[in-house]
Each structure stands twice: as C-alpha cells, then as structure tokens.
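Asker: Let me begin by handing over the structure; questions about it come next.
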Amino acid sequence: MDITKLTAIETKEIIKKRELSVKELIGSYLDKIDSVDKEINAFITLNREEALKNAEKLDKKIKNGQSLGALGGLPIGIKDNIVTKDLKTTCGSKMLENFIPPYDGKVVEKIKKEDGIILGKLNLDEFAMGSSTETSYFGETKNPINMEMVPGGSSGGSAAAVKAGEVLLSLGTDTGGSTRQPAAFCDVVGIKPSYGLVSRYGIVSLANTLDTVGVLGKDVEDAAFFLSTLTGFDPLDSTSSESAKGETIRESIVNKNDINTIKGMKVGLPKEFFQTEIDKGISREVNKAIKILESLGAEIEEISMPYLEYSLAVYHVIVAAEISSNLARFDGIRYGHRSEDYNTLDELYINSRTEALGEEVKRRIMFGTYYLSKSNANSHYERALKIRRLIKEDFDRAFGKYDILLSPTSPILPFKFGEKMTNPLSMYKADLFTVPVNLGGLCAMSIPCGYENGLPVGLQIIGDRFKEANIIKAGLALEGGLKNGI
Amino acid sequence: MVTKEQIQQIASLCKLKYTEGEIDEFAKNFSQVLGYMEKLKEVDADNVEPLYFISDHVQRFREDVVGESLQREDVVKNTTEEQFGYFKILRIVE
C-alpha cells in the first residue's frame with residue numbers, strides 16, 4: 001500500500017492504532033519527496049533531520065502511553081512566507097535568500113503544539129505576488145496533474161505538494177485567491193478562512209487588510225480539520241477575532257457522510273460572475289456541480305450584485321498601496337540582501353532593493369506609490385476604499401438572504417508556463433472570482449468538481465464572515481454527491 | 001498617460017532604480033493597467049465612507065507588563081554587518 005495516498009484523517013487512525021510508527025510515516029513522505037520533487041519543485045527548503053527527530057520523539061511518546069496532539073505525526077508543508085524559527089524563510093525572493101527567522105509564526109507554533117511534523121517550506125510567487133508561482137526566485141513549481149502547466153499561485157508549492165503526495169496538509173496564504181486558485185489548478189481542496197479567524201502573526205505581510213492564512217488538503221474533511229486546529233484569538237495580531245472558535249468548524253465535519261446536511265440551504269448564484277467570460281469546460285462542470293447540490297435539496301436562485309464587477313480594479317489599487325508601504329521594510333539594513341555596491345546610505349537602500357526584488361514586486365511597489373501619491377490618493381486609493389464598502393454591502397445584502405454563494409474558482413484552466421508573464425493584466429484576471437471574497441473579509445473554499453481536457457476545475461463556495469460551517473457542509477455534500485454519482 | 005519623468009520620480013520615492021530601456025517597458029505596462037483602473041470612475045461613490053478596515057471590533061488595552069520577547073543576539077543574526085549588538089550602517093553624521 002502506498003501510504004501517501006491516504007487522507008490525513010485516515011493516516012491519523014493508522015498512527016493511533018499503531019499500525020505504523022510516526023518515523024515510518026515521515027520516512028515514506030521523505031522518500032516520496034526525494035523521488036518526485038526534483039521535477040515538481042514544490043519545496044524551497046526541506047526540514048529532513050528535524051522532521052525525523054520529531055517523529056522519533058512522538059514515537060517515544062506513544063510508547064510511553066501518552067496521547068498525541070490533534071495533528072499527531074502528520075507531515076505538513078508550510079508556505080515560505082510564514083516564518084519558522086531556525087528554518088530559512090525566503091518568501092521566494094533573493095531579498096530573503098538567507099533569512100533565518102528568530103521566532104515562529106502563530107500558526108507554526110500551533111502546528112508544533114498539536115504534534116504536526118513540519119517537512120519543509122513550500123514555493124510561492126515572490127512575496128506571494130502572482131497567480132502562477134512563476135515569479136519565485138527559486139524556480140517555478142510544476143503542476144503534478146500536467147507538468148507543462150503552472151500550478152497556480154501564489155501558494156503553488158502548497159497545492160502541488162498536497163496533490164503529489166509530498167505532504168498531507170499544507171499552509172498557504174490568501175490575499176486575493178492565493179490559496180483557492182492553486183487548489184483549483186492542482187485538484188485539491190483549499191479554504192480561505194474569514195479575516196480574523198486565524199492569527200496573522202508571523203505572516204510576511206503583503207496587504208494587511210486582506211491577508212489571511214489558508215489551508216490545503218486532499219479533501220474537504222482534511223482541510224476543514226486542519227483549519228480547526230489553527231483558529232483562535234491571538235493578542236499578537238490586533239485584527240484577530242475573539243468570536244470565532246475552531247469547535248464550530250469541527251462540529252460541521254461530524255456528519256461527514258450525511259449528504260443531506262445541505263437540504264434547505266439557500267444558495268445564491270451572483271449573475272455578474274456567470275456573465276463574465278469563463279472557459280466553456282469550467283462553465284459546464286460548475287453547472288453540473290450546482291445541479292448536484294440542487295438535487296441534494298439546496299434551494300438555488302440567481303442574484304444580482306452590481307458592484308462585483310469593480311472588485312478586480314479595487315483590489316489592485318488597495319493591494320498595491322499596502323504593498324508599497326509594507327515592502328519599505330526591506331532596506332538591506334536589519335535583514336535581507338545588502339548590496340556590496342554603495343557609497344551613501346541612499347545608494348545602499350536603492351541598490352539593495354533594486355538588486356534583490358523581482359520585476360512583479362517592483363511593479364506593484366511602483367503602482368502603490370503612484371496610487372498613494374498626493375495627486376492620486378483621492379482619485380485612486382480613497383475611491384477604491386469607497387467602492388470596497390459598496391462591494392462589502394453587496395455581500396451583506398446577499399448573506400441576509402442566502403447561506404452560501406457559488407462561482408467557479410477561476411475563469412481559466414491551468415495555463416502553460418510563460419503564457420501570461422508578459423501581460424500583467426491578463427495574469428491579474430485569473431483572480432476575478434476570488435478577490436471579492438478578500439475585499440469582504442469572507443470565507444470561501446475551492447473544491448474539485450470535474451475536468452476539462454484532463455485539467456481540473458474548481459468550484460468556489462463562499463460563506464459569510466465566520467460562517468465557515470456553511471461552506472464546509474456544502475463542500476462535504478458536493479464531495480459526497482460526486483462520489484456517489486448523483 | 002504617465003511620462004518617463006513621472007516614472008523616474010516614483011522610482012526614486014520607492015528607492016528603486018530603472019534603466020532607460022526598463023522605463024519604456026514600464027511606461028507601457030503602467031498605462032495599460034491605469035487604463036483598466038479608469039473603470040473605478042464609473043461608480044457614483046462620492047457620498048460613501050471609505051472602508052479602511054473590514055472588522056468592526058475595537059482595539060483593546062492590556063496591562064503594561066514585561067513579557068518575553070526576542071533576544072538581541074537572535075535579532076541581529078540576520079544583518080550583514082553587526083557591531084556591539086547593533087546594526088552597522090554608514091556614518092551619516094560627521
């Protein structure tokens with residue numbers, strides 16, 4: 001039996017029953033990485049020795065009759081923009097090529113506390129800016145479904161590693177779709193939780209008002225279970241919420257095989273989403289999924305959300321503005337790349353940044369600085385924030401009537417390497433359906449729902465703020481429906 | 001339309017440097033993306049309050065107690081030049 005084919009929940013059972021030691025389990029995953037990652041390139045840094053050492057510790061714990069934490073022995077990968085103590089964290093950038101964080105991010109601390117085993121750090125677009133993982137300083141990650149295609153991004157390494165069986169669970173981040181879009185491209189489940197549900201302490205900021213930690217797994221149960229271990233208030237993140245608890249998420253997984261949980265659920269289809277240009281195969285598979293949910297008893301209606309069409313432009317302005325201030329910290333002084341070529345302090349800043357930041361990162365810093373400059377702040381930045389409110393109110397109205405909203409995760413299928421690199425605007429459009437969710441601080445899931453020409457299609461299930469239970473219930477029902485051929 | 005001079009000016013605010021050739025390429029991209037942003041002008045949003053932040057909870061106070069924090073030697077480990085536990089840069093005052 002190939003152990004790496006099992007889900008996290010199944011693997012947990014095997015460990016619990018002592019059919020396999022944690023060290024054997026971790027060994028199998030490291031073997032898998034050795035055999036496939038040369039080609040896939042999902043990992044930037046492998047944590048081999050430490051992982052094996054921790055596995056031995058857990059085996060000792062089991063031998064002594066102690067019980068393990070919720071993630072007991074499960075092999076986990078972490079996107080490389082989440083800081084890990086004493087383990088290199090590069091953000092996919094030359095800027096942080098040698099950066100070794102002196103502390104753990106809150107989510108990393110939680111994983112360690114729950115006995116999860118960190119196998120290493122996963123590839124991403126540089127500073128999470130991109131939708132294809134092509135802008136990483138450490139090379140592109142390949143899509144395990146079809147090696148000629150991008151894995152999506154920016155959490156491309158996180159999605160590819162789960163699909164290829166190199167890890168059981170992985171952390172991504174999601175500022176505008178960076179967990180959901182690669183999940184759709186690589187045929188796995190990705191959840192972007194509500195803003196404030198999971199602490200952002202130790203996440204290298206892209207855009208603070210939109211950034212969230214995302215989770216990826218083989219199926220809904222795995223991803224939801226992983227998420228439930230990461231939630232909770234954190235005084236070190238001033239935007240972390242005190243109201244949302246992991247228990248509500250765990251409770252929604254209890255009826256895993258009961259596909260009737262969706263009966264009576266009110267589902268809205270935003271017509272502005274479905275009127276845009278969508279790949280024909282994606283439309284077909286998404287419509288099939290909607291029919292499945294309907295046949296399971298969901299009440300489906302079309303709705304109108306007039307401000308959705310401005311989401312992409314609003315998102316672009318806000319993200320660039322926040323990036324331009326957040327990335328000012330990379331000055332070559334306290335950490336990160338320092339140029340060897342300078343005579344003045346100003347030259348130290350300019351040369352260090354120019355040498356070590358990639359094209360897309362610089363482009364967004366430039367855009368953001370332009371939007372925030374005195375003559376444009378009103379017409380661009382403030383205007384975007386005003387329309388952000390209108391978009392949020394569109395969602396508030398929708399969730400006054402519906403439990404969940406549905407859309408494709410991406411309007412396009414996985415594409416070939418290089419295809420969209422020369423035209424930034426066409427790359428930004430890959431996030432058309434995912435960015436509104438971040439603007440509203442909502443939760444959403446991407447779940448595999450079919451194939452077109454051998455390439456996977458993802459359905460996006462959107463829920464109101466802190467109503468993760470709804471998207472998980474709907475996801476479990478769809479998964480059950482697909483499995484049972486409904 | 002954004003001029004080359006404007007782009008140079010923005011670059012200097014960003015502490016970034018572009019070559020002449022890069023600026024031409026950049027100006028093209030910039031104009032294309034700004035063209036797309038024109039869309040935002042269609043919306044009548046004059047009387048809408050900007051949404052700076054999505055969550056509505058208020059910031060809380062805490063007791064001012066000394067807690068554990070990062071160690072100085074760990075913090076300076078990632079700098080290129082360090083002296084006496086400080087980050088070392090160029091002399092900027094004579």
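Quick note on naming: the chains in the structure tokens go A, B, ... in the order shown, residues restart at 1 in each chain, and ligands are numbered from 1 in order of appearance.
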May I have a table of the residues of chain B lying at most 8 Å from chain A, giving each one's closest pair of atoms and their distance in Å to one decimal, counting only C-alpha atoms, ordered by chain and ascending residue number, as a tab-separated table?
Answerer:
residue	atom	partner	partner_atom	distance
B:Ile10	CA	A:Met366	CA	6.4
B:Ala11	CA	A:Met366	CA	6.6
B:Leu13	CA	A:Thr369	CA	7.6
B:Cys14	CA	A:Met366	CA	6.7
B:Lys15	CA	A:Ile350	CA	4.7
B:Leu16	CA	A:Ile350	CA	5.1
B:Lys17	CA	A:Thr354	CA	6.0
B:Asn29	CA	A:Pro424	CA	7.6
B:Phe30	CA	A:Phe367	CA	7.8
B:Gln32	CA	A:Leu425	CA	7.9
B:Val33	CA	A:Leu425	CA	6.5
B:Tyr36	CA	A:Ala313	CA	7.2
B:Met37	CA	A:Ala313	CA	5.6
B:Lys39	CA	A:Tyr310	CA	7.2
B:Leu40	CA	A:Tyr310	CA	6.7
B:Val43	CA	A:Ile387	CA	7.7
B:Ala45	CA	A:Lys386	CA	6.3
B:Val48	CA	A:Lys386	CA	5.6
B:Glu49	CA	A:Lys386	CA	5.8
B:Pro50	CA	A:Lys386	CA	4.0
B:Leu51	CA	A:Leu385	CA	5.1
B:Tyr52	CA	A:Leu385	CA	6.3
B:Phe53	CA	A:Thr209	CA	6.3
B:Ile54	CA	A:Gly441	CA	6.2
B:Ser55	CA	A:Thr239	CA	7.4
B:His57	CA	A:Ser241	CA	7.9
B:Gln59	CA	A:Ser238	CA	7.1
B:Leu70	CA	A:Pro102	CA	7.2
B:Asp74	CA	A:Pro102	CA	5.8
B:Val75	CA	A:Pro102	CA	6.6
B:Val76	CA	A:Arg334	CA	7.0
B:Asn78	CA	A:Tyr335	CA	4.9
B:Thr79	CA	A:Tyr335	CA	4.6
B:Thr80	CA	A:Arg338	CA	6.8
B:Phe87	CA	A:Arg334	CA	6.4
B:Lys88	CA	A:Ile333	CA	7.7
B:Ile89	CA	A:Ile333	CA	7.1
B:Leu90	CA	A:Leu345	CA	6.4
B:Ile92	CA	A:Leu345	CA	7.6
Asker: Within 12 Å of Ile262 (chain A), counting only C-alpha atoms, which residues qualify if same-chain residues fewer than 5 places away don't, as a count of residues only?
Answerer: 29
Asker: Please provide the set of residues having any atom within 10 Å of Lys28 (chain B), restricted to only C-alpha atoms, with same-chain residues fewer than 5 positions apart removed, written as number ranges by chain.
Answerer: B: 1-2, 23, 33
Asker: Output C-alpha atoms of each residue in that selection to a file, as a short mmCIF file (atom, residue, chain, number, x, y, z; two decimals), in the first residue's frame.
Answerer:
data_model
loop_
_atom_site.label_atom_id
_atom_site.label_comp_id
_atom_site.auth_asym_id
_atom_site.auth_seq_id
_atom_site.Cartn_x
_atom_site.Cartn_y
_atom_site.Cartn_z
CA MET B 1 -0.62 58.68 -19.85
CA VAL B 2 2.32 58.59 -17.47
CA ILE B 23 11.37 52.60 -18.13
CA VAL B 33 -3.11 48.96 -16.09
#
Asker: One decimal, in Å: what's the spacing between CA of Leu206 (chain A) and CA of Ile323 (chain A)?
Answerer: 5.5 Å
Asker: Give me, as a ChimeraX atom specification, all polymer residues having an atom no more than 8 Å from Ala184 (chain A), counting only C-alpha atoms and skipping those fewer than 5 positions away in the same chain.
Answerer: /A:189-190,409-410,446-448,456-459
Asker: Could you please take those selected residues and save N, CA and C atoms as an mmCIF file, in the first residue's frame?
Answerer:
data_model
loop_
_atom_site.group_PDB
_atom_site.id
_atom_site.type_symbol
_atom_site.label_atom_id
_atom_site.label_comp_id
_atom_site.auth_asym_id
_atom_site.auth_seq_id
_atom_site.Cartn_x
_atom_site.Cartn_y
_atom_site.Cartn_z
ATOM 1 N N VAL A 189 -8.392 20.578 -2.238
ATOM 2 C CA VAL A 189 -9.312 21.496 -1.558
ATOM 3 C C VAL A 189 -8.508 22.590 -0.859
ATOM 4 N N GLY A 190 -8.928 23.831 -1.026
ATOM 5 C CA GLY A 190 -8.280 24.948 -0.345
ATOM 6 C C GLY A 190 -9.323 25.808 0.355
ATOM 7 N N THR A 409 -13.980 28.825 -9.268
ATOM 8 C CA THR A 409 -12.859 29.415 -8.531
ATOM 9 C C THR A 409 -12.066 30.322 -9.460
ATOM 10 N N SER A 410 -11.854 29.855 -10.697
ATOM 11 C CA SER A 410 -11.075 30.621 -11.667
ATOM 12 C C SER A 410 -11.811 30.616 -13.009
ATOM 13 N N SER A 446 -12.296 26.348 -2.295
ATOM 14 C CA SER A 446 -12.273 25.824 -3.654
ATOM 15 C C SER A 446 -12.278 24.317 -3.552
ATOM 16 N N ILE A 447 -13.192 23.693 -4.300
ATOM 17 C CA ILE A 447 -13.338 22.242 -4.223
ATOM 18 C C ILE A 447 -13.367 21.672 -5.640
ATOM 19 N N PRO A 448 -12.605 20.580 -5.868
ATOM 20 C CA PRO A 448 -12.572 19.992 -7.215
ATOM 21 C C PRO A 448 -13.970 19.553 -7.645
ATOM 22 N N PRO A 456 -8.066 20.117 -14.144
ATOM 23 C CA PRO A 456 -9.099 20.171 -13.114
ATOM 24 C C PRO A 456 -9.875 21.504 -13.089
ATOM 25 N N VAL A 457 -11.119 21.402 -12.646
ATOM 26 C CA VAL A 457 -11.981 22.572 -12.482
ATOM 27 C C VAL A 457 -12.345 22.690 -11.004
ATOM 28 N N GLY A 458 -12.299 23.901 -10.468
ATOM 29 C CA GLY A 458 -12.666 24.119 -9.067
ATOM 30 C C GLY A 458 -13.944 24.928 -8.943
ATOM 31 N N LEU A 459 -14.773 24.528 -7.978
ATOM 32 C CA LEU A 459 -15.970 25.308 -7.650
ATOM 33 C C LEU A 459 -15.654 26.137 -6.408
#
Asker: Could you pull out the alpha helix (DSSP H) residues of region 238-422 of chain A from DSSP and send them as a PyMOL selection string?
Answerer: chain A and resi 246-253+271-274+280-295+311-326+345-356+359-372+383-401
Asker: For those residues, write C-alpha atoms to a file as a short mmCIF file (atom, residue, chain, number, x, y, z; two decimals), in the first residue's frame.
Answerer:
data_model
loop_
_atom_site.label_atom_id
_atom_site.label_comp_id
_atom_site.auth_asym_id
_atom_site.auth_seq_id
_atom_site.Cartn_x
_atom_site.Cartn_y
_atom_site.Cartn_z
CA GLY A 246 -12.41 26.03 15.99
CA GLU A 247 -15.13 23.95 17.65
CA THR A 248 -17.82 25.25 15.29
CA ILE A 249 -15.69 24.08 12.39
CA ARG A 250 -15.08 20.65 13.92
CA GLU A 251 -18.79 20.25 14.63
CA SER A 252 -19.63 20.84 11.00
CA ILE A 253 -17.46 17.86 9.99
CA LYS A 271 -25.21 36.61 -12.09
CA GLU A 272 -22.40 39.15 -12.56
CA PHE A 273 -19.96 36.27 -12.03
CA PHE A 274 -21.61 33.97 -14.53
CA LYS A 280 -16.56 26.60 -21.60
CA GLY A 281 -15.38 23.45 -19.85
CA ILE A 282 -15.32 25.26 -16.50
CA SER A 283 -18.88 26.53 -17.04
CA ARG A 284 -20.07 23.04 -17.87
CA GLU A 285 -18.50 21.35 -14.81
CA VAL A 286 -19.54 24.12 -12.43
CA ASN A 287 -23.13 23.93 -13.67
CA LYS A 288 -23.07 20.17 -13.12
CA ALA A 289 -21.91 20.72 -9.54
CA ILE A 290 -24.69 23.24 -8.98
CA LYS A 291 -27.21 20.67 -10.27
CA ILE A 292 -25.85 18.09 -7.82
CA LEU A 293 -26.31 20.46 -4.90
CA GLU A 294 -29.82 21.23 -6.12
CA SER A 295 -30.70 17.55 -6.33
CA SER A 311 -13.66 44.13 -7.49
CA LEU A 312 -10.56 43.50 -9.54
CA ALA A 313 -9.75 47.19 -10.01
CA VAL A 314 -10.50 47.98 -6.35
CA TYR A 315 -8.37 45.05 -5.23
CA HIS A 316 -5.46 46.01 -7.43
CA VAL A 317 -5.32 49.56 -6.04
CA ILE A 318 -5.63 48.54 -2.38
CA VAL A 319 -3.15 45.68 -2.66
CA ALA A 320 -0.55 47.77 -4.46
CA ALA A 321 -0.94 50.61 -1.95
CA GLU A 322 -0.47 48.31 1.03
CA ILE A 323 2.44 46.53 -0.66
CA SER A 324 4.26 49.78 -1.27
CA SER A 325 4.28 50.58 2.44
CA ASN A 326 4.80 47.00 3.67
CA LEU A 345 23.01 55.34 2.69
CA ASP A 346 20.60 56.17 -0.11
CA GLU A 347 22.62 54.04 -2.52
CA LEU A 348 22.58 51.21 0.00
CA TYR A 349 18.77 51.29 0.01
CA ILE A 350 18.36 51.73 -3.73
CA ASN A 351 20.91 49.15 -4.83
CA SER A 352 19.90 46.54 -2.26
CA ARG A 353 16.24 46.80 -3.26
CA THR A 354 16.89 47.02 -6.99
CA GLU A 355 19.22 44.01 -6.97
CA ALA A 356 17.09 41.75 -4.78
CA GLU A 359 10.07 42.56 -11.57
CA GLU A 360 6.48 41.99 -10.41
CA VAL A 361 7.30 43.01 -6.84
CA LYS A 362 8.90 46.25 -8.03
CA ARG A 363 5.99 46.87 -10.37
CA ARG A 364 3.48 46.63 -7.54
CA ILE A 365 5.55 48.85 -5.24
CA MET A 366 5.63 51.40 -8.05
CA PHE A 367 1.87 51.19 -8.69
CA GLY A 368 1.10 51.50 -5.00
CA THR A 369 3.34 54.50 -4.55
CA TYR A 370 1.62 56.13 -7.51
CA TYR A 371 -1.86 55.44 -6.07
CA LEU A 372 -0.87 56.85 -2.68
CA ARG A 383 -12.02 55.87 -4.31
CA ALA A 384 -11.08 52.19 -4.19
CA LEU A 385 -11.83 52.10 -0.45
CA LYS A 386 -15.25 53.66 -1.05
CA ILE A 387 -16.12 51.06 -3.65
CA ARG A 388 -14.77 48.38 -1.32
CA ARG A 389 -17.56 49.40 1.05
CA LEU A 390 -20.14 49.09 -1.74
CA ILE A 391 -18.86 45.60 -2.56
CA LYS A 392 -19.00 44.60 1.10
CA GLU A 393 -22.58 45.89 1.29
CA ASP A 394 -23.44 43.82 -1.78
CA PHE A 395 -22.25 40.76 0.15
CA ASP A 396 -24.05 41.80 3.34
CA ARG A 397 -27.31 42.00 1.39
CA ALA A 398 -26.67 38.64 -0.26
CA PHE A 399 -25.95 36.90 3.04
CA GLY A 400 -29.09 38.40 4.54
CA LYS A 401 -30.93 36.01 2.25
#
Asker: What is the distance between CA of Ser158 (chain A) and CA of Leu171 (chain A), in Å to one decimal?
Answerer: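 Pair CA of Ser158 (chain A) / CA of Leu171 (chain A) returns 6.5 Å.
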Asker: From a DSSP pass on the backbone, collect the residues of region 206-294 of chain A flagged as strand (DSSP E or B) and hand them back as number ranges by chain.
Answerer: A: 212-217, 231, 266-270
Asker: One decimal, Å: what's the distance from CA of Thr229 (chain A) over to CA of Lys113 (chain A), could you say?
Answerer: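 Going from CA of Thr229 (chain A) over to CA of Lys113 (chain A), I get 10.0 Å.
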